[in-house]
There are 4 protein chains.
Amino acid sequence: MSRIPVVIVGASGYAGGELLRLLLAHPGVEVRQITSESHRGEPAAALHPNLRKATTLKFAAMGELQPCDTAFLCLPHGRAVEIIDEVTAKAERVVDLSADFRLREPAAYEHWYGWAHPRPELLGEFVYGIPELHREAMRGGRLVSSAGCNATAVILALRPLFAAGAVDTRTTVIEAKVGSSEGGASVSPASHHPVRANCVRSYKPTGHRHTAEMLQELGLDGESHIHFSATAIDMVRGVLATCHVFLNDSLDEKEIWKLYRAAYGSEPFVRIVKERDGAFRYPEPKLLAGTNYCDIGFERDAEGQRLVVMSALDNLGKGAAGQAVQAFNLMHGLPETTGLEFAGLFPS
Amino acid sequence: MSRIPVVIVGASGYAGGELLRLLLAHPGVEVRQITSESHRGEPAAALHPNLRKATTLKFAAMGELQPCDTAFLCLPHGRAVEIIDEVTAKAERVVDLSADFRLREPAAYEHWYGWAHPRPELLGEFVYGIPELHREAMRGGRLVSSAGCNATAVILALRPLFAAGAVDTRTTVIEAKVGSSEGGASVSPASHHPVRANCVRSYKPTGHRHTAEMLQELGLDGESHIHFSATAIDMVRGVLATCHVFLNDSLDEKEIWKLYRAAYGSEPFVRIVKERDGAFRYPEPKLLAGTNYCDIGFERDAEGQRLVVMSALDNLGKGAAGQAVQAFNLMHGLPETTGLEFAGLFPS
Amino acid sequence: MSRIPVVIVGASGYAGGELLRLLLAHPGVEVRQITSESHRGEPAAALHPNLRKATTLKFAAMGELQPCDTAFLCLPHGRAVEIIDEVTAKAERVVDLSADFRLREPAAYEHWYGWAHPRPELLGEFVYGIPELHREAMRGGRLVSSAGCNATAVILALRPLFAAGAVDTRTTVIEAKVGSSEGGASVSPASHHPVRANCVRSYKPTGHRHTAEMLQELGLDGESHIHFSATAIDMVRGVLATCHVFLNDSLDEKEIWKLYRAAYGSEPFVRIVKERDGAFRYPEPKLLAGTNYCDIGFERDAEGQRLVVMSALDNLGKGAAGQAVQAFNLMHGLPETTGLEFAGLFPS
Amino acid sequence: MSRIPVVIVGASGYAGGELLRLLLAHPGVEVRQITSESHRGEPAAALHPNLRKATTLKFAAMGELQPCDTAFLCLPHGRAVEIIDEVTAKAERVVDLSADFRLREPAAYEHWYGWAHPRPELLGEFVYGIPELHREAMRGGRLVSSAGCNATAVILALRPLFAAGAVDTRTTVIEAKVGSSEGGASVSPASHHPVRANCVRSYKPTGHRHTAEMLQELGLDGESHIHFSATAIDMVRGVLATCHVFLNDSLDEKEIWKLYRAAYGSEPFVRIVKERDGAFRYPEPKLLAGTNYCDIGFERDAEGQRLVVMSALDNLGKGAAGQAVQAFNLMHGLPETTGLEFAGLFPS
């Protein structure tokens with residue numbers, strides 16, 4: 001196939017680096033430019049040492065941006081919206097990996113981000129970036145806002161249940177175990193190895209911003225709640241979201257299987273993982289590093305109405321760059337799995 | 001002080017080894033014997049390499065047990081009850097670290113352990129082993145049943161709230177992150193390093209046996225539930241229990257502070273950890289390895305009625321051997337902190 | 001291209017699993033069968049959970065082996081030689097990943113393995129499996145004996161120096177830091193997570209069998225020595241070999257650069273890694289998990305005649321399965337990098 | 001006993017924090033002050049979270065220093081010498097943990113540190129801080145310069161051999177595996193968790209400054225060399241030095257045992273670790289975190305003249321704060337093990 005010219009704006013961080021890795025190996029893509037204001041002129045491998053020998057690209061400044069088909073934006077929160085016009089002047093399509101265009105309601109930005117969105121009129125223009133939910137809108141779409149990593153894990157885990165009206169929407173409790181790459185490439189006292197290693201840190205017990213995406217995509221409002229907490233553990237990549245939901249009716253495991261199979265049976269990147277025994281009975285993030293999979297499992301509590309749904313993914317893969325490429329494939333009518341075939345490593 | 005003669009029955013495992021470490025350094029104790037049927041005749045350091053040069057004790061067989069003041073039992077579930085008469089014939093006091101005498105109701109053993117307790121008449125004889133709850137009963141007591149590690153973390157975290165009637169008893173959700181030493185010293189395919197390393201394993205999403213202790217000690221029954229899950233992470237020692245409770249009334253953080261301060265303000269081994277900033281704002285198990293502390297913190301969700309209570313301890317310390325020594329000190333009228341002064345390591 | 005039918009004999013272990021992962025994604029290969037006596041009938045993903053959804057292959061017994069083009073053997077030491085005739089009766093080509101055919105001299109097996117090789121006449125038939133050394137012999141070859149993981153790291157690191165006669169052959173000291181997957185998939189007390197985690201274990205200070213391969217491929221005998229030690233660290237995949245050699249003449253870093261560039265400048269899988277600054281100045285195994293790279297760096301000691309050469313690879317990749325596929329590609333005249341394009345992950 | 005008043009100058013770093021932990025639990029010590037210019041007024045636990053509830057001390061400024069018996073200095077290289085007069089005006093005894101007074105020869109500072117020592121006349125005043133070598137000089141001594149962590153591991157490992165003239169002094173090769181706490185408490189891009197986790201980083205293949213101490217204390221000069229390299233692994237505390245020495249005569253293992261037993265048989269903090277089997281046959285740093293032990297083992301290579309000596313310690317314990325307390329005890333005629341009884345944790 002002829003290669004589609006793309007650029008990565010803000011390619012010095014971890015999501016940008018992962019995207020560059022995926023796009024360099026994508027048979028339908030030519031990466032024309034990568035940008036970074038602070039690393040202009042440096043080779044890509046200076047920041048992404050895994051890409052030694054893989055590319056001779058160097059970081060350009062934003063002002064040097066050339067016309068291209070698709071621009072991927074990997075910028076800090078609030079920066080994407082500032083340059084969106086500049087980008088759309090050069091690129092026909094945009095996949096934004098920041099949070100700037102994920103929420104449809106300006107009020108949600110105010111509530112969860114404490115931020116008055118400067119361009120509320122654009123919020124309706126972007127497709128929310130989980131292909132399993134918005135595949136049709138992506139086909140031929142021009143603007144996609146890639147979903148948050150924790151949000152993706154949770155939304156994929158719970159959407160079949162919420163869509164079926166199977167759960168009490170007021171009492172969902174979710175605990176995500178997350179790796180250090182979620183914190184990005186910037187150094188901080190909290191990311192210092194002697195401090196961060198071996199940690200089990202309650203870094204966001206309440207108020208996590210990704211909750212806004214979960215509420216939106218699970219269709220919740222009013223009295224509904226997603227009680228989300230995130231705990232940082234000694235892991236670099238990966239999320240395991242453990243979701244505790246309370247069923248309205250006494251669905252048994254077979255009926256729940258049916259719901260999930262109907263939702264994901266033909267999905268290339270969602271696997272239902274539920275084995276009778278062994279060390280890998282349920283989703284395990286360590287198997288997913290570098291992949292675009294979201295693995296989902298569940299266990300029905302014999303006591304009461306609780307169902308525990310577990311969901312794992314690579315926060316830089318399905319939770320960021322991988323999902324962005326999946327959306328890109330859909331936008332261009334390419335096979336959805338192109339460039340995303342890596343199966344993951346075991347042991348690891 | 002004159003040294004109290006003690007024995008450790010079943011000293012080859014991890015709790016037994018930790019107990020041996022603590023008791024060898026305890027100024028009021030003389031460890032007379034340690035037993036292990038399968039390692040009879042071997043020196044203690046063959047199994048507990050940290051105790052090289054610290055002792056010349058060798059494992060004896062159970063049949064060689066000599067009279068002593070206190071026997072600590074570190075046996076697998078179901079074994080302690082089998083030998084309890086043999087032990088009490090030799091020892092005036094017993095601290096049992098197994099689950100055999102933790103529950104007061106035989107029905108609870110049937111429900112949670114699938115086990116008909118062979119000596120139900122003994123269940124009322126043992127004091128449940130959390131000193132912060134049963135200190136008076138321990139003073140001068142003869143029989144103590146040391147509490148489960150996860151149970152200790154959760155009960156200490158939630159008791160002040162439940163005792164005050166502050167929470168909805170039906171919807172408590174708890175997610176414990178646990179280390180590999182909880183699984184004990186026996187090798188299994190799931191504990192093989194290439195499999196277990198880097199894991200985030202949902203090993204007990206529902207049905208964990210320690211739930212029975214939580215229900216008992218929090219005074220719950222009928223419609224009440226503790227929805228407990230345990231996730232194994234790449235850590236050897238340590239538990240972090242993240243407890244999501246729903247408040248009946250809108251207590252604010254100050255009022256919650258008051259409850260916890262009233263409960264634990266003068267406790268030597270319970271610290272309330274809640275800082276405004278930094279990497280150690282909340283309880284962190286890595287700081288507690290080798291100590292007898294249980295650190296507790298909390299955060300009030302601005303949305304809804306959720307309060308998140310976090311509780312950390314060393315599963316072999318406050319969750320097992322440390323707490324057993326604390327009980328032992330109380331039983332003998334010794335200062336409660338004797339032999340338990342280790343502050344924990346940082347960095348670590 | 002039309003797909004070459006292959007089988008993996010002994011596919012239940014870690015090297016077999018990695019090979020299966022690579023071959024399933026190899027565009028020129030069809031994996032016809034995988035064998036395991038003890039797991040006959042089980043699906044591949046039961047042992048290799050990363051391959052869920054990637055294959056429906058089940059393990060067959062050795063006796064069910066069908067004719068194929070190439071058989072990869074991933075059997076324990078001593079087993080490959082027992083079945084080699086059975087295999088060559090079915091397969092035109094064989095790539096053996098065991099040590100059974102790596103050494104040319106039967107005496108070397110006696111010395112290093114304490115083993116009288118049962119079929120010494122076959123030893124000359126196999127090409128030693130490092131393509132960078134024996135590429136021409138592999139092209140069109142029928143029998144390849146894949147090199148040991150530590151041996152590959154060391155031989156690639158030192159061959160240019162030894163070939164140039166640049167070093168004192170009596171005093172080379174090598175310290176390899178290795179991960180737990182080198183120990184294989186079998187559980188042992190030493191691989192139990194609480195024991196193996198966080199370890200820095202001198203598991204083979206002297207007498208490591210891979211030394212025999214190093215001596216052979218570096219062309220050493222008589223008074224020459226490779227003083228090799230291996231230390232196990234808390235890592236699953238990866239080797240870093242730190243090689244201390246003593247130069248005969250005072251070569252400076254530029255001259256050493258020249259030697260390495262001449263040897264590896266056009267190699268697709270050997271990269272010279274030597275940066276002026278940053279955290280990745282030298283080879284780092286964590287960047288190489290899942291890849292077929294061997295990264296090599298060096299630093300000239302300002303004191304004396306020492307040169308330190310560092311060499312990193314994935315013991316299951318370039319050190320086993322990846323290198324086997326590289327050999328396979330050469331044997332069939334395929335582009336050498338086919339199926340081995342994975343760049344590795346960062347951060348990781 | 002009556003408590004000796006001490007201060008810790010520069011108590012905000014990791015060695016200072018460990019020293020504070022040890023001294024707070026030391027029955028013969030009263031910690032009067034701790035200083036830190038940048039954290040003046042903050043409580044100790046703000047930087048050393050393991051010391052919550054253990055002390056109410058706050059950091060003072062250097063200028064607020066009160067008279068005391070002993071001052072421990074935990075300052076960056078070059079800073080101790082600047083304030084030494086100010087300190088000795090207030091303190092009768094000084095234990096300096098920096099490198100400023102470790103070397104006797106000003107020329108050695110120039111060679112290894114690129115530093116013209118500003119007060120060469122003081123170098124002869126300090127006792128080099130390894131008690132096993134300089135015990136007598138410490139008894140009643142006033143000034144001790146605590147040894148480097150890697151230097152301590154290596155010197156204790158090799159001193160018996162070098163003192164006996166048993167080894168070729170030109171070809172010793174040492175590879176130390178070290179943890180991240182050696183890098184101190186200051187954040188850097190290289191210590192960022194996603195970068196530093198899982199690493200096997202050749203951070204100092206040649207030119208490590210501790211080499212100067214090794215040469216001095218092993219009595220080497222002229223043609224002699226210590227070829228030292230340090231590799232950073234994913235560990236917080238701990239050093240394992242693997243020392244490859246070449247014997248002049250063919251000493252067998254029994255004769256080597258004799259040498260080590262003669263040197264260390266009655267030492268309280270040096271253990272010879274050499275078992276026939278098991279996972280802990282040789283020194284293992286993970287057992288030593290928080291302790292003052294240096295464990296030493298060895299294995300005689302059946303090939304050639306190599307002897308591999310392995311040496312483990314906690315870089316903040318025996319490699320810094322622990323050893324400083326040991327020296328302090330000797331200086332004051334206290335039992336040498338006072339305050340250093342912690343046995344270390346297993347599992348861990």
# chains A, B, ... in the order shown; residues from 1 in each chain; ligands from 1
$ residues_around --residues "B:Thr242" --least-positions-apart "3" --cutoff "10 Å" --atoms "only C-alpha atoms" --output "PyMOL selection string"
(chain A and resi 175+202+205+229-231) or (chain B and resi 153-154+157+173-177+228-229+239+245+296-298+308-312)
$ interface_residues --of "chain D" --to "chain A" --cutoff "10 Å" --atoms "only C-alpha atoms" --output "PyMOL selection string"
chain D and resi 14+179-198+234-237
$ write_last_selection --atoms "N, CA and C atoms" --output "mmCIF file, in the first residue's frame"
data_model
loop_
_atom_site.group_PDB
_atom_site.id
_atom_site.type_symbol
_atom_site.label_atom_id
_atom_site.label_comp_id
_atom_site.auth_asym_id
_atom_site.auth_seq_id
_atom_site.Cartn_x
_atom_site.Cartn_y
_atom_site.Cartn_z
ATOM 1 N N TYR D 14 20.306 10.159 52.653
ATOM 2 C CA TYR D 14 20.014 8.777 53.016
ATOM 3 C C TYR D 14 20.941 8.259 54.111
ATOM 4 N N GLY D 179 22.760 -0.775 44.381
ATOM 5 C CA GLY D 179 21.394 -0.282 44.392
ATOM 6 C C GLY D 179 21.301 1.218 44.182
ATOM 7 N N SER D 180 20.079 1.698 44.045
ATOM 8 C CA SER D 180 19.884 3.100 43.691
ATOM 9 C C SER D 180 20.142 4.057 44.847
ATOM 10 N N SER D 181 20.122 3.581 46.072
ATOM 11 C CA SER D 181 20.363 4.506 47.177
ATOM 12 C C SER D 181 21.811 4.983 47.198
ATOM 13 N N GLU D 182 22.716 4.265 46.528
ATOM 14 C CA GLU D 182 24.091 4.754 46.405
ATOM 15 C C GLU D 182 24.146 6.116 45.714
ATOM 16 N N GLY D 183 23.159 6.380 44.878
ATOM 17 C CA GLY D 183 23.142 7.639 44.153
ATOM 18 C C GLY D 183 22.626 8.800 44.990
ATOM 19 N N GLY D 184 22.167 8.523 46.177
ATOM 20 C CA GLY D 184 21.713 9.587 47.053
ATOM 21 C C GLY D 184 20.281 10.016 46.829
ATOM 22 N N ALA D 185 19.881 11.023 47.582
ATOM 23 C CA ALA D 185 18.481 11.439 47.620
ATOM 24 C C ALA D 185 18.121 12.463 46.552
ATOM 25 N N SER D 186 19.108 12.895 45.766
ATOM 26 C CA SER D 186 18.810 13.918 44.761
ATOM 27 C C SER D 186 18.254 13.287 43.489
ATOM 28 N N VAL D 187 17.203 13.895 43.012
ATOM 29 C CA VAL D 187 16.522 13.430 41.820
ATOM 30 C C VAL D 187 17.358 13.721 40.574
ATOM 31 N N SER D 188 17.333 12.830 39.601
ATOM 32 C CA SER D 188 17.978 13.095 38.311
ATOM 33 C C SER D 188 17.240 12.321 37.232
ATOM 34 N N PRO D 189 17.422 12.709 35.971
ATOM 35 C CA PRO D 189 16.757 11.949 34.898
ATOM 36 C C PRO D 189 17.109 10.467 34.957
ATOM 37 N N ALA D 190 18.327 10.137 35.378
ATOM 38 C CA ALA D 190 18.738 8.737 35.426
ATOM 39 C C ALA D 190 18.107 7.975 36.575
ATOM 40 N N SER D 191 17.580 8.706 37.567
ATOM 41 C CA SER D 191 16.949 8.031 38.702
ATOM 42 C C SER D 191 15.432 7.989 38.579
ATOM 43 N N HIS D 192 14.903 8.513 37.490
ATOM 44 C CA HIS D 192 13.452 8.499 37.237
ATOM 45 C C HIS D 192 12.989 7.042 37.152
ATOM 46 N N HIS D 193 11.947 6.714 37.872
ATOM 47 C CA HIS D 193 11.580 5.299 37.996
ATOM 48 C C HIS D 193 11.427 4.564 36.675
ATOM 49 N N PRO D 194 10.721 5.119 35.683
ATOM 50 C CA PRO D 194 10.580 4.360 34.433
ATOM 51 C C PRO D 194 11.923 4.106 33.750
ATOM 52 N N VAL D 195 12.903 4.914 34.039
ATOM 53 C CA VAL D 195 14.242 4.754 33.457
ATOM 54 C C VAL D 195 15.079 3.800 34.312
ATOM 55 N N ARG D 196 15.020 4.008 35.614
ATOM 56 C CA ARG D 196 15.922 3.282 36.523
ATOM 57 C C ARG D 196 15.423 1.890 36.893
ATOM 58 N N ALA D 197 14.083 1.699 36.886
ATOM 59 C CA ALA D 197 13.533 0.376 37.210
ATOM 60 C C ALA D 197 13.989 -0.645 36.189
ATOM 61 N N ASN D 198 14.183 -1.859 36.648
ATOM 62 C CA ASN D 198 14.560 -2.988 35.784
ATOM 63 C C ASN D 198 15.907 -2.820 35.092
ATOM 64 N N ASP D 234 18.253 -3.111 39.718
ATOM 65 C CA ASP D 234 16.967 -2.680 40.281
ATOM 66 C C ASP D 234 16.837 -3.132 41.736
ATOM 67 N N MET D 235 17.462 -2.379 42.580
ATOM 68 C CA MET D 235 17.562 -2.671 44.006
ATOM 69 C C MET D 235 17.739 -1.304 44.653
ATOM 70 N N VAL D 236 17.260 -1.127 45.859
ATOM 71 C CA VAL D 236 17.419 0.165 46.513
ATOM 72 C C VAL D 236 18.654 0.162 47.409
ATOM 73 N N ARG D 237 18.714 -0.804 48.316
ATOM 74 C CA ARG D 237 19.872 -0.927 49.199
ATOM 75 C C ARG D 237 20.660 -2.176 48.833
#
$ residues_around --residues "A:Arg271" --least-positions-apart "5" --cutoff "8 Å" --atoms "only C-alpha atoms" --output "PDB file with C-alpha atoms, in the first residue's frame"
ATOM      1  CA  TYR A 264     -16.636  -8.448  22.496  1.00  0.00           C
ATOM      2  CA  TYR A 293      -5.069  -5.744  23.996  1.00  0.00           C
ATOM      3  CA  CYS A 294      -7.525  -5.045  26.740  1.00  0.00           C
ATOM      4  CA  ASP A 295      -8.125  -8.276  28.663  1.00  0.00           C
ATOM      5  CA  ILE A 296     -11.280  -8.537  30.718  1.00  0.00           C
TER       6      ILE A 296
ATOM      7  CA  LYS C  53      -6.271 -15.758  20.550  1.00  0.00           C
TER       8      LYS C  53
END
$ residues_around --residues "B:Gly16" --least-positions-apart "3" --cutoff "10 Å" --atoms "only C-alpha atoms" --output "list in words"
Ile8, Val9, Gly10, Ala11, Ser12, Gly13, Leu19, Leu20, Arg21, Leu22, Ile34, Thr35, His48, Phe72, Leu73, Cys74, Leu75, Leu97, Leu316, Ala320 and Ala321 of chain B
$ write_last_selection --atoms "all heavy atoms" --output "compact mmCIF listing (two decimals), in the first residue's frame"
# COMPACT_ATOMS: atom_id res chain seq x y z
N ILE B 8 8.58 -22.34 69.83
CA ILE B 8 7.84 -22.05 68.59
C ILE B 8 7.56 -23.40 67.94
O ILE B 8 8.49 -24.10 67.53
CB ILE B 8 8.61 -21.15 67.63
CG1 ILE B 8 9.03 -19.85 68.33
CG2 ILE B 8 7.79 -20.86 66.38
CD1 ILE B 8 9.95 -18.96 67.49
N VAL B 9 6.30 -23.72 67.83
CA VAL B 9 5.91 -24.99 67.22
C VAL B 9 5.59 -24.72 65.75
O VAL B 9 4.70 -23.93 65.44
CB VAL B 9 4.68 -25.59 67.94
CG1 VAL B 9 4.21 -26.85 67.24
CG2 VAL B 9 5.02 -25.87 69.40
N GLY B 10 6.34 -25.35 64.88
CA GLY B 10 6.15 -25.10 63.45
C GLY B 10 6.94 -23.86 63.05
O GLY B 10 6.39 -22.88 62.54
N ALA B 11 8.25 -23.93 63.24
CA ALA B 11 9.07 -22.74 63.07
C ALA B 11 9.79 -22.69 61.72
O ALA B 11 10.69 -21.88 61.53
CB ALA B 11 10.09 -22.65 64.21
N SER B 12 9.40 -23.55 60.82
CA SER B 12 10.13 -23.59 59.54
C SER B 12 9.57 -22.63 58.50
O SER B 12 10.23 -22.34 57.51
CB SER B 12 10.10 -25.01 58.99
OG SER B 12 8.77 -25.38 58.66
N GLY B 13 8.36 -22.13 58.72
CA GLY B 13 7.75 -21.26 57.73
C GLY B 13 8.12 -19.80 57.93
O GLY B 13 8.98 -19.46 58.75
N LEU B 19 8.95 -14.78 63.80
CA LEU B 19 8.76 -14.87 65.24
C LEU B 19 10.08 -15.21 65.92
O LEU B 19 10.44 -14.61 66.95
CB LEU B 19 7.72 -15.96 65.51
CG LEU B 19 7.00 -16.00 66.84
CD1 LEU B 19 6.48 -14.65 67.26
CD2 LEU B 19 5.85 -17.01 66.75
N LEU B 20 10.81 -16.14 65.34
CA LEU B 20 12.11 -16.50 65.91
C LEU B 20 13.04 -15.29 65.93
O LEU B 20 13.72 -15.03 66.92
CB LEU B 20 12.71 -17.65 65.10
CG LEU B 20 14.06 -18.17 65.57
CD1 LEU B 20 14.03 -18.60 67.04
CD2 LEU B 20 14.53 -19.33 64.69
N ARG B 21 13.08 -14.56 64.83
CA ARG B 21 13.90 -13.34 64.79
C ARG B 21 13.53 -12.38 65.91
O ARG B 21 14.40 -11.88 66.63
CB ARG B 21 13.74 -12.63 63.43
CG ARG B 21 14.50 -11.32 63.33
CD ARG B 21 14.30 -10.63 62.00
NE ARG B 21 13.03 -9.94 61.88
CZ ARG B 21 12.74 -8.74 62.40
NH1 ARG B 21 13.65 -8.08 63.09
NH2 ARG B 21 11.56 -8.20 62.22
N LEU B 22 12.24 -12.15 66.09
CA LEU B 22 11.80 -11.20 67.11
C LEU B 22 12.08 -11.72 68.52
O LEU B 22 12.54 -10.97 69.38
CB LEU B 22 10.30 -10.93 66.95
CG LEU B 22 9.88 -10.15 65.71
CD1 LEU B 22 8.37 -10.13 65.57
CD2 LEU B 22 10.44 -8.72 65.74
N ILE B 34 12.51 -24.89 69.00
CA ILE B 34 11.74 -24.62 67.77
C ILE B 34 11.48 -25.98 67.15
O ILE B 34 12.33 -26.86 67.20
CB ILE B 34 12.52 -23.71 66.79
CG1 ILE B 34 13.90 -24.30 66.46
CG2 ILE B 34 12.68 -22.31 67.36
CD1 ILE B 34 14.68 -23.51 65.42
N THR B 35 10.29 -26.16 66.61
CA THR B 35 10.00 -27.49 66.06
C THR B 35 9.69 -27.43 64.57
O THR B 35 9.22 -26.41 64.04
CB THR B 35 8.80 -28.18 66.77
OG1 THR B 35 7.58 -27.69 66.21
CG2 THR B 35 8.81 -27.94 68.27
N HIS B 48 16.24 -20.05 57.71
CA HIS B 48 16.10 -18.61 57.94
C HIS B 48 17.48 -17.99 57.86
O HIS B 48 18.12 -17.73 58.89
CB HIS B 48 15.44 -18.36 59.30
CG HIS B 48 14.18 -19.14 59.50
ND1 HIS B 48 13.09 -19.01 58.67
CD2 HIS B 48 13.83 -20.08 60.43
CE1 HIS B 48 12.12 -19.83 59.07
NE2 HIS B 48 12.55 -20.48 60.13
N PHE B 72 4.21 -20.70 71.00
CA PHE B 72 3.67 -20.04 69.81
C PHE B 72 3.46 -21.12 68.74
O PHE B 72 4.39 -21.89 68.47
CB PHE B 72 4.65 -19.00 69.28
CG PHE B 72 4.85 -17.81 70.18
CD1 PHE B 72 5.83 -17.83 71.18
CD2 PHE B 72 4.08 -16.67 70.03
CE1 PHE B 72 6.03 -16.73 72.01
CE2 PHE B 72 4.27 -15.56 70.86
CZ PHE B 72 5.24 -15.60 71.85
N LEU B 73 2.27 -21.15 68.17
CA LEU B 73 1.99 -22.16 67.15
C LEU B 73 1.93 -21.52 65.77
O LEU B 73 1.15 -20.59 65.54
CB LEU B 73 0.66 -22.85 67.43
CG LEU B 73 0.39 -23.36 68.86
CD1 LEU B 73 -0.90 -24.18 68.88
CD2 LEU B 73 1.57 -24.19 69.35
N CYS B 74 2.77 -21.98 64.86
CA CYS B 74 2.80 -21.45 63.48
C CYS B 74 2.58 -22.62 62.53
O CYS B 74 3.48 -22.98 61.77
CB CYS B 74 4.13 -20.78 63.21
SG CYS B 74 4.53 -19.47 64.37
N LEU B 75 1.42 -23.19 62.60
CA LEU B 75 1.14 -24.41 61.85
C LEU B 75 0.12 -24.14 60.77
O LEU B 75 -0.62 -23.15 60.83
CB LEU B 75 0.59 -25.46 62.83
CG LEU B 75 1.60 -25.90 63.90
CD1 LEU B 75 0.89 -26.62 65.03
CD2 LEU B 75 2.67 -26.80 63.27
N LEU B 97 -0.94 -18.80 65.81
CA LEU B 97 -0.97 -17.90 64.65
C LEU B 97 -1.82 -18.44 63.49
O LEU B 97 -1.96 -17.77 62.49
CB LEU B 97 0.46 -17.61 64.16
CG LEU B 97 1.21 -16.55 64.98
CD1 LEU B 97 1.82 -17.12 66.24
CD2 LEU B 97 2.28 -15.85 64.16
N LEU B 316 3.94 -10.21 57.84
CA LEU B 316 4.66 -11.07 58.78
C LEU B 316 4.93 -10.36 60.11
O LEU B 316 5.32 -10.99 61.08
CB LEU B 316 5.98 -11.54 58.17
CG LEU B 316 5.85 -12.42 56.92
CD1 LEU B 316 7.22 -12.74 56.35
CD2 LEU B 316 5.10 -13.72 57.25
N ALA B 320 1.27 -10.80 61.74
CA ALA B 320 1.52 -12.17 62.22
C ALA B 320 2.43 -12.16 63.44
O ALA B 320 1.96 -12.04 64.57
CB ALA B 320 2.11 -13.04 61.11
N ALA B 321 3.73 -12.26 63.22
CA ALA B 321 4.66 -12.49 64.33
C ALA B 321 4.75 -11.30 65.26
O ALA B 321 4.82 -11.46 66.48
CB ALA B 321 6.04 -12.84 63.77
$ select_by_dssp --residues "stretch 47-223 of chain D" --states "strand (DSSP E or B)" --output "JSON, numbers by chain"
{"D": [58, 59, 60, 68, 69, 70, 71, 72, 73, 91, 92, 93, 94, 95, 96, 127, 128, 143, 144, 145, 167, 172, 173, 174, 175, 176, 177, 178, 192, 200, 201, 202, 203, 204]}
$ select_by_dssp --residues "stretch 38-218 of chain C" --states "alpha helix (DSSP H)" --output "PyMOL selection string"
chain C and resi 44-47+80-90+106-108+131-138+149-163+193-196+210-217
